[in-house]
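J.: Compact mmCIF, C-alpha atoms, saved as query-v7.txt, coming up:
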# COMPACT_ATOMS: atom_id res chain seq x y z
CA MET A 1 27.47 94.24 155.83
CA ARG A 2 27.75 91.83 152.90
CA GLY A 3 30.00 92.99 150.08
CA GLN A 4 31.07 91.53 146.78
CA PRO A 5 34.51 89.96 146.22
CA LYS A 6 36.34 91.24 143.14
CA THR A 7 39.18 89.60 141.25
CA ILE A 8 42.47 91.50 141.28
CA SER A 9 43.34 92.41 137.69
CA LEU A 10 46.85 92.13 136.29
CA PRO A 11 47.43 95.93 136.27
CA ARG A 12 46.27 96.15 139.90
CA ARG A 13 48.45 93.16 140.84
CA LEU A 14 51.37 95.05 139.31
CA ILE A 15 50.71 98.03 141.58
CA ILE A 16 50.45 95.74 144.60
CA ASP A 17 53.83 94.20 143.73
CA LEU A 18 55.27 97.67 143.15
CA MET A 19 54.09 98.90 146.56
CA ARG A 20 55.57 95.81 148.22
CA ALA A 21 58.89 96.51 146.48
CA SER A 22 58.78 100.11 147.72
CA MET A 23 58.38 99.18 151.38
CA GLY A 24 61.43 100.00 153.42
CA VAL A 25 62.91 102.52 150.96
CA PRO A 26 63.91 105.56 153.09
CA PHE A 27 62.47 108.29 150.89
CA VAL A 28 63.05 112.00 151.45
CA SER A 29 61.28 114.73 149.47
CA LEU A 30 62.24 118.19 148.29
CA SER A 31 59.80 120.44 146.43
CA ARG A 32 60.25 123.82 144.79
CA PRO A 33 58.48 126.03 142.24
CA LEU A 34 60.58 126.43 139.08
CA GLN A 35 60.39 129.61 137.02
CA ILE A 36 59.91 128.45 133.42
CA ARG A 37 58.94 131.55 131.44
CA PRO A 38 61.44 130.91 128.57
CA LEU A 39 60.20 127.32 128.26
CA LEU A 40 56.55 128.40 128.17
CA GLU A 41 57.29 130.98 125.46
CA ALA A 42 59.15 128.41 123.35
CA ARG A 43 56.42 125.81 123.81
CA ALA A 44 53.66 128.28 122.92
CA ALA A 45 55.44 129.12 119.65
CA ALA A 46 56.21 125.51 118.66
CA ALA A 47 54.23 123.89 115.86
CA ALA A 48 54.08 120.50 117.58
CA PRO A 49 55.22 120.91 121.19
CA ALA A 50 56.25 117.87 123.20
CA GLY A 51 54.25 116.90 126.25
CA TRP A 52 55.32 117.89 129.73
CA ALA A 53 56.37 114.37 130.69
CA ALA A 54 58.75 114.22 127.72
CA MET A 55 60.29 117.56 128.62
CA PHE A 56 60.88 116.54 132.23
CA VAL A 57 62.26 113.14 131.22
CA LYS A 58 64.83 114.62 128.87
CA ALA A 59 65.69 117.54 131.16
CA PHE A 60 66.34 115.28 134.15
CA ALA A 61 68.40 112.91 132.00
CA LEU A 62 70.50 115.83 130.75
CA VAL A 63 71.16 116.89 134.33
CA ALA A 64 72.01 113.26 135.22
CA LYS A 65 74.52 113.14 132.37
CA ASP A 66 76.71 115.53 134.40
CA GLU A 67 75.59 114.27 137.82
CA PRO A 68 76.53 110.59 138.24
CA ILE A 69 74.69 110.40 141.56
CA LEU A 70 71.43 110.66 139.59
CA ARG A 71 72.40 107.46 137.76
CA THR A 72 73.20 105.60 140.98
CA VAL A 73 71.02 102.92 142.55
CA TYR A 74 71.19 101.04 145.84
CA ALA A 75 71.67 97.29 145.33
CA LYS A 76 71.80 94.51 147.95
CA TRP A 77 73.29 91.59 146.01
CA PRO A 78 75.88 90.08 146.10
CA TRP A 79 76.49 92.60 148.93
CA PRO A 80 75.07 96.07 149.71
CA MET A 81 76.52 98.64 147.31
CA LEU A 82 75.87 101.78 145.33
CA TYR A 83 75.84 100.90 141.62
CA GLU A 84 76.40 103.64 139.01
CA LEU A 85 74.66 103.11 135.68
CA PRO A 86 76.41 104.31 132.49
CA LYS A 87 73.28 106.08 131.24
CA SER A 88 69.90 107.17 132.51
CA VAL A 89 66.84 104.97 132.18
CA ALA A 90 63.49 106.65 132.75
CA LEU A 91 60.25 105.02 133.81
CA VAL A 92 57.21 107.14 132.97
CA ALA A 93 53.91 106.42 134.71
CA ILE A 94 51.32 106.01 131.94
CA ALA A 95 47.65 106.30 132.89
CA ARG A 96 45.47 104.02 130.75
CA VAL A 97 42.10 102.31 130.73
CA GLU A 98 42.24 98.53 130.22
CA ASP A 99 39.05 96.48 130.07
CA GLY A 100 37.15 99.37 131.60
CA GLU A 101 39.56 99.75 134.52
CA GLU A 102 41.79 102.77 135.10
CA CYS A 103 45.37 101.69 135.65
CA VAL A 104 48.99 102.86 135.54
CA LEU A 105 51.76 101.10 133.61
CA PRO A 106 55.48 102.03 133.46
CA GLN A 107 56.93 102.97 130.07
CA ARG A 108 60.72 102.52 129.90
CA ILE A 109 62.85 105.04 127.98
CA ALA A 110 66.55 104.21 127.76
CA ALA A 111 69.13 107.00 127.45
CA PRO A 112 66.63 109.84 126.94
CA GLU A 113 69.49 112.34 127.04
CA ALA A 114 70.64 110.95 123.66
CA LEU A 115 67.18 111.11 122.06
CA SER A 116 65.44 114.07 120.51
CA LEU A 117 62.55 115.56 122.43
CA ALA A 118 60.22 114.32 119.68
CA GLU A 119 61.54 110.75 120.08
CA VAL A 120 61.00 110.82 123.85
CA ASP A 121 57.50 112.20 123.35
CA ALA A 122 56.72 109.52 120.74
CA GLN A 123 57.67 106.73 123.15
CA ILE A 124 55.42 108.18 125.84
CA ARG A 125 52.53 108.57 123.38
CA LEU A 126 53.05 104.97 122.25
CA GLY A 127 52.62 103.88 125.88
CA LYS A 128 49.38 105.86 126.09
CA THR A 129 47.73 104.68 122.89
CA ALA A 130 49.18 101.38 121.65
CA PRO A 131 47.82 97.98 122.70
CA ILE A 132 49.74 96.48 125.63
CA GLN A 133 51.24 93.75 123.44
CA ASP A 134 52.75 96.39 121.14
CA VAL A 135 54.75 98.10 123.92
CA PRO A 136 57.89 96.09 124.86
CA MET A 137 58.01 97.28 128.49
CA PHE A 138 54.33 96.53 129.02
CA ARG A 139 54.71 93.03 127.58
CA LYS A 140 57.72 92.39 129.81
CA ILE A 141 56.13 93.60 133.04
CA MET A 142 52.80 91.87 132.35
CA ARG A 143 54.63 88.61 131.65
CA ALA A 144 56.29 88.83 135.06
CA THR A 145 53.00 89.80 136.71
CA ARG A 146 51.32 86.65 135.38
CA LEU A 147 53.82 84.40 137.15
CA PRO A 148 52.74 82.40 140.22
CA LEU A 149 53.45 84.26 143.45
CA PRO A 150 56.74 82.47 144.39
CA LEU A 151 58.23 83.01 140.93
CA ARG A 152 56.95 86.58 140.87
CA ARG A 153 58.62 87.32 144.19
CA LEU A 154 61.87 85.82 142.88
CA SER A 155 61.80 87.86 139.66
CA TRP A 156 61.16 91.08 141.59
CA ALA A 157 63.94 90.27 144.05
CA MET A 158 66.40 89.76 141.20
CA GLY A 159 65.30 92.93 139.44
CA LEU A 160 65.52 94.99 142.63
CA ASN A 161 68.73 93.72 144.18
CA PHE A 162 71.24 93.33 141.34
CA GLY A 163 72.56 96.71 140.20
CA ARG A 164 72.56 95.93 136.50
CA GLN A 165 69.08 94.41 136.55
CA ARG A 166 67.81 97.30 138.65
CA GLY A 167 68.47 99.60 135.70
CA ASN A 168 66.83 97.21 133.26
CA TRP A 169 63.65 96.71 135.30
CA PHE A 170 63.17 99.86 137.35
CA GLY A 171 65.33 102.49 135.67
CA SER A 172 67.39 105.18 137.32
CA PHE A 173 64.49 107.64 137.76
CA SER A 174 60.73 107.83 137.40
CA VAL A 175 58.47 110.64 136.19
CA THR A 176 54.84 110.93 137.20
CA SER A 177 52.20 113.64 137.44
CA VAL A 178 48.51 114.28 137.96
CA ALA A 179 48.66 117.69 136.26
CA ALA A 180 46.34 116.49 133.47
CA TYR A 181 43.67 115.88 136.11
CA GLY A 182 43.92 119.21 137.90
CA GLY A 183 47.31 119.07 139.53
CA GLY A 184 48.31 118.75 143.14
CA GLU A 185 51.57 118.02 144.94
CA LEU A 186 52.12 114.32 144.28
CA HIS A 187 54.51 112.39 146.55
CA ALA A 188 54.61 109.11 144.67
CA ILE A 189 56.02 105.80 145.90
CA ALA A 190 58.24 103.51 143.84
CA PRO A 191 61.39 101.45 144.44
CA GLY A 192 63.42 104.55 143.53
CA PRO A 193 66.03 105.81 143.58
CA PHE A 194 64.60 109.08 142.16
CA ILE A 195 60.98 110.08 141.50
CA VAL A 196 60.17 113.36 139.77
CA SER A 197 56.63 114.76 139.81
CA TYR A 198 55.30 118.08 138.58
CA GLY A 199 52.11 120.08 138.92
CA VAL A 200 50.24 122.55 136.74
CA VAL A 201 51.69 125.79 135.39
CA GLU A 202 50.75 128.65 137.69
CA ALA A 203 49.73 132.17 136.74
CA ASP A 204 53.18 133.47 137.69
CA GLN A 205 54.75 131.11 135.09
CA THR A 206 56.10 128.68 137.65
CA ILE A 207 55.59 124.94 137.92
CA HIS A 208 55.86 123.04 141.19
CA VAL A 209 58.30 120.13 141.09
CA VAL A 210 58.82 117.42 143.71
CA ILE A 211 61.83 115.13 143.80
CA ARG A 212 61.71 112.08 146.09
CA TRP A 213 64.88 110.09 146.50
CA ASP A 214 66.37 107.13 148.31
CA HIS A 215 68.32 108.66 151.19
CA ARG A 216 70.78 105.75 151.05
CA VAL A 217 71.96 107.10 147.68
CA THR A 218 72.40 110.81 148.37
CA ASP A 219 71.48 113.74 150.62
CA ALA A 220 69.40 116.91 150.35
CA ALA A 221 72.09 119.39 149.30
CA PRO A 222 72.83 117.67 145.94
CA ILE A 223 69.09 117.44 145.21
CA ALA A 224 68.66 121.16 145.89
CA ARG A 225 71.37 121.80 143.29
CA VAL A 226 69.66 119.38 140.91
CA LEU A 227 66.41 121.39 141.10
CA THR A 228 68.32 124.56 140.25
CA ARG A 229 70.04 122.84 137.35
CA LEU A 230 66.74 121.31 136.19
CA GLU A 231 65.22 124.79 135.95
CA GLN A 232 68.19 125.95 133.86
CA VAL A 233 68.01 122.97 131.49
CA LEU A 234 64.26 123.39 130.95
CA ASN A 235 64.74 127.06 130.05
CA THR A 236 67.81 126.55 127.83
CA GLU A 237 68.35 123.12 126.21
CA ILE A 238 64.70 122.05 126.22
CA ALA A 239 63.37 125.46 125.21
CA GLY A 240 66.05 125.67 122.50
CA GLU A 241 65.04 122.30 121.07
CA LEU A 242 61.41 123.41 120.94
CA ARG A 243 62.43 126.55 119.03
CA ALA A 244 64.60 124.55 116.64
CA ALA A 245 61.70 122.25 115.80
CA GLY A 246 59.98 125.11 113.99
CA PRO A 247 57.36 127.73 114.84
CA LYS A 248 53.65 127.48 114.34
CA PRO A 249 52.58 128.31 110.76
CA ILE A 250 51.26 131.82 110.33
CA ARG A 251 47.75 131.96 108.92
CA ALA A 252 47.05 134.42 106.21
CA VAL A 253 44.31 136.90 107.13
CA ARG A 254 41.86 137.72 104.35
CA THR A 255 41.23 141.43 103.98
How does the structure come out when it is put into structure tokens?
T.:
Amino acid sequence: MRGQPKTISLPRRLIIDLMRASMGVPFVSLSRPLQIRPLLEARAAAAAPAGWAAMFVKAFALVAKDEPILRTVYAKWPWPMLYELPKSVALVAIARVEDGEECVLPQRIAAPEALSLAEVDAQIRLGKTAPIQDVPMFRKIMRATRLPLPLRRLSWAMGLNFGRQRGNWFGSFSVTSVAAYGGGELHAIAPGPFIVSYGVVEADQTIHVVIRWDHRVTDAAPIARVLTRLEQVLNTEIAGELRAAGPKPIRAVRT
């Protein structure tokens, strides 16, 4: 059967490089429904509620502030080590359409625990709507993706294997979801060390969350505690920030 060859676009080349970088990472997954009734009530009453990605980014970063293991990456150079970053760096998977092609690009958010929820949300929205050249992380990653294959492999190796550069290029955790497209339990692949994904809100006011992590960095028991703490942070700090941002205006009813 005769087909038609198609050129690999830059966004698709990025995903190919990302999948190559993820090979060999010993991922383990833990999933759990989180009860988020207080968060849902606060979000429903907010005048301009943040998106779900922003809430999960900040909540996970707040948990990581007290849990150094969540800011730890596995690095190979100059020798194998665990490297603890001083602050969290999130990578959010942004779904876009470029030149008629659906693609995913990573938006970098440094120290989200120190930002307001509105600031985190604004950075994510910038990644969704701004031209690629106007988003610093997109420009950086596309510049590397344009390199010839040998130089591209070298740049990825440096970004992956030096602890400090690992934080600059790949962050300390990633957030992704397909909830906007109908949900589902997503077990994403990335270089790690931590990948957080979430589903749709269920009728019983729960949301299903999956954490995948590099088993070289930590074990299952700490991640189980992280999920418990994540539920608490969503229902307290994040819900509280939504309430503090102001309620929806009340419309006057003509009688």
J.: Which residue out of A:Ala239, A:Ala54, A:Ala144, A:Val196 has the minimum interatomic distance to Pro38 (chain A) when only C-alpha atoms are used?
T.: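 Closest to Pro38 (chain A), using only C-alpha atoms: A:Ala239.
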J.: What is the CA of Met55 (chain A)-CA of Leu91 (chain A) distance in Å, reported with one decimal?
T.: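 Interatomic distance here is 13.6 Å.
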J.: Which polymer residues have any atom within 9 Å of an atom of Ser177 (chain A), counting all atoms listed in the file, with same-chain residues fewer than 4 positions away left out, as a PyMOL selection string?
T.: chain A and resi 53+93+181+183-186+188+196-199
J.: Got time to write the residues from that selection, C-alpha atoms, as an mmCIF file, in the coordinates of the input?
T.:
data_model
loop_
_atom_site.group_PDB
_atom_site.id
_atom_site.type_symbol
_atom_site.label_atom_id
_atom_site.label_comp_id
_atom_site.auth_asym_id
_atom_site.auth_seq_id
_atom_site.Cartn_x
_atom_site.Cartn_y
_atom_site.Cartn_z
ATOM 1 C CA ALA A 53 56.370 114.370 130.690
ATOM 2 C CA ALA A 93 53.910 106.420 134.710
ATOM 3 C CA TYR A 181 43.670 115.880 136.110
ATOM 4 C CA GLY A 183 47.310 119.070 139.530
ATOM 5 C CA GLY A 184 48.310 118.750 143.140
ATOM 6 C CA GLU A 185 51.570 118.020 144.940
ATOM 7 C CA LEU A 186 52.120 114.320 144.280
ATOM 8 C CA ALA A 188 54.610 109.110 144.670
ATOM 9 C CA VAL A 196 60.170 113.360 139.770
ATOM 10 C CA SER A 197 56.630 114.760 139.810
ATOM 11 C CA TYR A 198 55.300 118.080 138.580
ATOM 12 C CA GLY A 199 52.110 120.080 138.920
#
J.: If you measure from CA of Leu62 (chain A) to CA of Val175 (chain A), what distance in Å do you get, rounded to one decimal?
T.: 14.2 Å
J.: Hey, which bits of region 156-238 of chain A sit within 8 Å of region 68-71 of chain A, and for each residue what's the closest pair of atoms and how far apart in Å (one decimal), counting all atoms listed in the file, rows by chain and increasing number, as a tab-separated table?
T.:
residue	atom	partner	partner_atom	distance
A:Ser172	CA	A:Arg71	CA	5.5
A:Phe173	CA	A:Leu70	CA	7.8
A:Phe194	CA	A:Leu70	CA	7.5
A:Val217	CA	A:Ile69	CA	7.5
A:Thr218	CA	A:Ile69	CA	7.2
J.: Which residue gives the smallest distance to Thr206 (chain A) among A:Ile132, A:Arg20, A:Arg37, A:Ser9, with only C-alpha atoms counted?
T.: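 Of the candidates, the smallest distance to Thr206 (chain A) is held by A:Arg37.
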J.: Give me the residues within 10 Å of Leu234 (chain A) as number ranges by chain, counting all atoms listed in the file and dropping any in the same chain fewer than 5 places off.
T.: A: 34-40, 55-56, 58-60, 62, 229, 239-241
J.: Excluding Pro26 (chain A) and residues on its chain fewer than 6 positions from it, collect all residues at most 9 Å away from it, counting all atoms listed in the file, and give them as a list in words.
T.: Trp213, Asp214, His215 and Arg216 of chain A
J.: Tell me which of A:Ile15, A:Val226, A:Ala130, A:Ala42 sits closest to Ile238 (chain A), counting only C-alpha atoms.
T.: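 Result for the nearest residue to Ile238 (chain A): A:Ala42.
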J.: How many Å separate CA of Pro191 (chain A) from CA of Ala157 (chain A)?
T.: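 A separation of 11.5 Å between them.
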J.: For Lys128 (chain A), please output as an MDAnalysis selection string all residues within 12 Å (counting only C-alpha atoms; exclusion window: fewer than 4 positions along the same chain).
T.: chainID A and resid 53 92:98 103:107 121:124 132 134:135 138
J.: Taking only C-alpha atoms into account, name the residue in A:Ala220, A:Leu242, A:Ile189, A:Val209 that is nearest to Ala21 (chain A).
T.: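 The shortest atom-to-atom distance to Ala21 (chain A) comes from A:Ile189.
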J.: Write out as an MDAnalysis selection string the residues lying within 12 Å of Pro86 (chain A), counting all atoms listed in the file and excluding same-chain residues fewer than 6 positions away.
T.: chainID A and resid 61 64:73 110:111 113 163:164 167:168 171:172
J.: Hey, can I get the axis-aligned box for region 231-249 of chain A? All listed atoms, 6 Å padding on each side, centre and edge lengths in Å to one decimal, as lines of an AutoDock Vina configuration file.
T.:
center_x = 60.5
center_y = 125.2
center_z = 123.4
size_x = 27.8
size_y = 18.3
size_z = 37.2
J.: Regenerate region 226-243 of chain A at the level of N, CA, C and O atoms and dump it as a PDB file, keeping the file's coordinate frame.
T.:
ATOM      1  N   VAL A 226      70.279 120.002 142.085  1.00  0.00           N
ATOM      2  CA  VAL A 226      69.660 119.380 140.910  1.00  0.00           C
ATOM      3  C   VAL A 226      68.414 120.161 140.487  1.00  0.00           C
ATOM      4  O   VAL A 226      68.183 120.384 139.291  1.00  0.00           O
ATOM      5  N   LEU A 227      67.592 120.602 141.439  1.00  0.00           N
ATOM      6  CA  LEU A 227      66.410 121.390 141.100  1.00  0.00           C
ATOM      7  C   LEU A 227      66.785 122.696 140.412  1.00  0.00           C
ATOM      8  O   LEU A 227      66.142 123.118 139.447  1.00  0.00           O
ATOM      9  N   THR A 228      67.847 123.335 140.890  1.00  0.00           N
ATOM     10  CA  THR A 228      68.320 124.560 140.250  1.00  0.00           C
ATOM     11  C   THR A 228      68.784 124.282 138.827  1.00  0.00           C
ATOM     12  O   THR A 228      68.459 125.007 137.884  1.00  0.00           O
ATOM     13  N   ARG A 229      69.539 123.209 138.673  1.00  0.00           N
ATOM     14  CA  ARG A 229      70.040 122.840 137.350  1.00  0.00           C
ATOM     15  C   ARG A 229      68.895 122.406 136.431  1.00  0.00           C
ATOM     16  O   ARG A 229      68.903 122.713 135.233  1.00  0.00           O
ATOM     17  N   LEU A 230      67.892 121.733 136.982  1.00  0.00           N
ATOM     18  CA  LEU A 230      66.740 121.310 136.190  1.00  0.00           C
ATOM     19  C   LEU A 230      66.007 122.526 135.628  1.00  0.00           C
ATOM     20  O   LEU A 230      65.605 122.528 134.449  1.00  0.00           O
ATOM     21  N   GLU A 231      65.839 123.548 136.427  1.00  0.00           N
ATOM     22  CA  GLU A 231      65.220 124.790 135.950  1.00  0.00           C
ATOM     23  C   GLU A 231      66.012 125.382 134.803  1.00  0.00           C
ATOM     24  O   GLU A 231      65.445 125.816 133.784  1.00  0.00           O
ATOM     25  N   GLN A 232      67.341 125.405 134.918  1.00  0.00           N
ATOM     26  CA  GLN A 232      68.190 125.950 133.860  1.00  0.00           C
ATOM     27  C   GLN A 232      68.065 125.146 132.570  1.00  0.00           C
ATOM     28  O   GLN A 232      67.955 125.717 131.478  1.00  0.00           O
ATOM     29  N   VAL A 233      68.074 123.823 132.686  1.00  0.00           N
ATOM     30  CA  VAL A 233      68.010 122.970 131.490  1.00  0.00           C
ATOM     31  C   VAL A 233      66.656 123.126 130.794  1.00  0.00           C
ATOM     32  O   VAL A 233      66.587 123.179 129.554  1.00  0.00           O
ATOM     33  N   LEU A 234      65.575 123.195 131.555  1.00  0.00           N
ATOM     34  CA  LEU A 234      64.260 123.390 130.950  1.00  0.00           C
ATOM     35  C   LEU A 234      64.203 124.690 130.155  1.00  0.00           C
ATOM     36  O   LEU A 234      63.628 124.739 129.054  1.00  0.00           O
ATOM     37  N   ASN A 235      64.821 125.736 130.684  1.00  0.00           N
ATOM     38  CA  ASN A 235      64.740 127.060 130.050  1.00  0.00           C
ATOM     39  C   ASN A 235      65.792 127.280 128.970  1.00  0.00           C
ATOM     40  O   ASN A 235      65.720 128.286 128.252  1.00  0.00           O
ATOM     41  N   THR A 236      66.755 126.367 128.846  1.00  0.00           N
ATOM     42  CA  THR A 236      67.810 126.550 127.830  1.00  0.00           C
ATOM     43  C   THR A 236      67.770 125.408 126.810  1.00  0.00           C
ATOM     44  O   THR A 236      67.238 125.573 125.719  1.00  0.00           O
ATOM     45  N   GLU A 237      68.301 124.228 127.168  1.00  0.00           N
ATOM     46  CA  GLU A 237      68.350 123.120 126.210  1.00  0.00           C
ATOM     47  C   GLU A 237      66.969 122.697 125.713  1.00  0.00           C
ATOM     48  O   GLU A 237      66.764 122.532 124.503  1.00  0.00           O
ATOM     49  N   ILE A 238      66.027 122.519 126.631  1.00  0.00           N
ATOM     50  CA  ILE A 238      64.700 122.050 126.220  1.00  0.00           C
ATOM     51  C   ILE A 238      63.960 123.139 125.442  1.00  0.00           C
ATOM     52  O   ILE A 238      63.374 122.875 124.383  1.00  0.00           O
ATOM     53  N   ALA A 239      64.007 124.368 125.943  1.00  0.00           N
ATOM     54  CA  ALA A 239      63.370 125.460 125.210  1.00  0.00           C
ATOM     55  C   ALA A 239      64.020 125.661 123.839  1.00  0.00           C
ATOM     56  O   ALA A 239      63.334 125.906 122.842  1.00  0.00           O
ATOM     57  N   GLY A 240      65.352 125.524 123.774  1.00  0.00           N
ATOM     58  CA  GLY A 240      66.050 125.670 122.500  1.00  0.00           C
ATOM     59  C   GLY A 240      65.652 124.599 121.504  1.00  0.00           C
ATOM     60  O   GLY A 240      65.511 124.870 120.305  1.00  0.00           O
ATOM     61  N   GLU A 241      65.455 123.368 121.972  1.00  0.00           N
ATOM     62  CA  GLU A 241      65.040 122.300 121.070  1.00  0.00           C
ATOM     63  C   GLU A 241      63.623 122.541 120.551  1.00  0.00           C
ATOM     64  O   GLU A 241      63.316 122.244 119.389  1.00  0.00           O
ATOM     65  N   LEU A 242      62.761 123.077 121.393  1.00  0.00           N
ATOM     66  CA  LEU A 242      61.410 123.410 120.940  1.00  0.00           C
ATOM     67  C   LEU A 242      61.459 124.492 119.857  1.00  0.00           C
ATOM     68  O   LEU A 242      60.733 124.411 118.856  1.00  0.00           O
ATOM     69  N   ARG A 243      62.314 125.479 120.045  1.00  0.00           N
ATOM     70  CA  ARG A 243      62.430 126.550 119.030  1.00  0.00           C
ATOM     71  C   ARG A 243      62.991 125.998 117.730  1.00  0.00           C
ATOM     72  O   ARG A 243      62.546 126.375 116.635  1.00  0.00           O
TER      73      ARG A 243
END
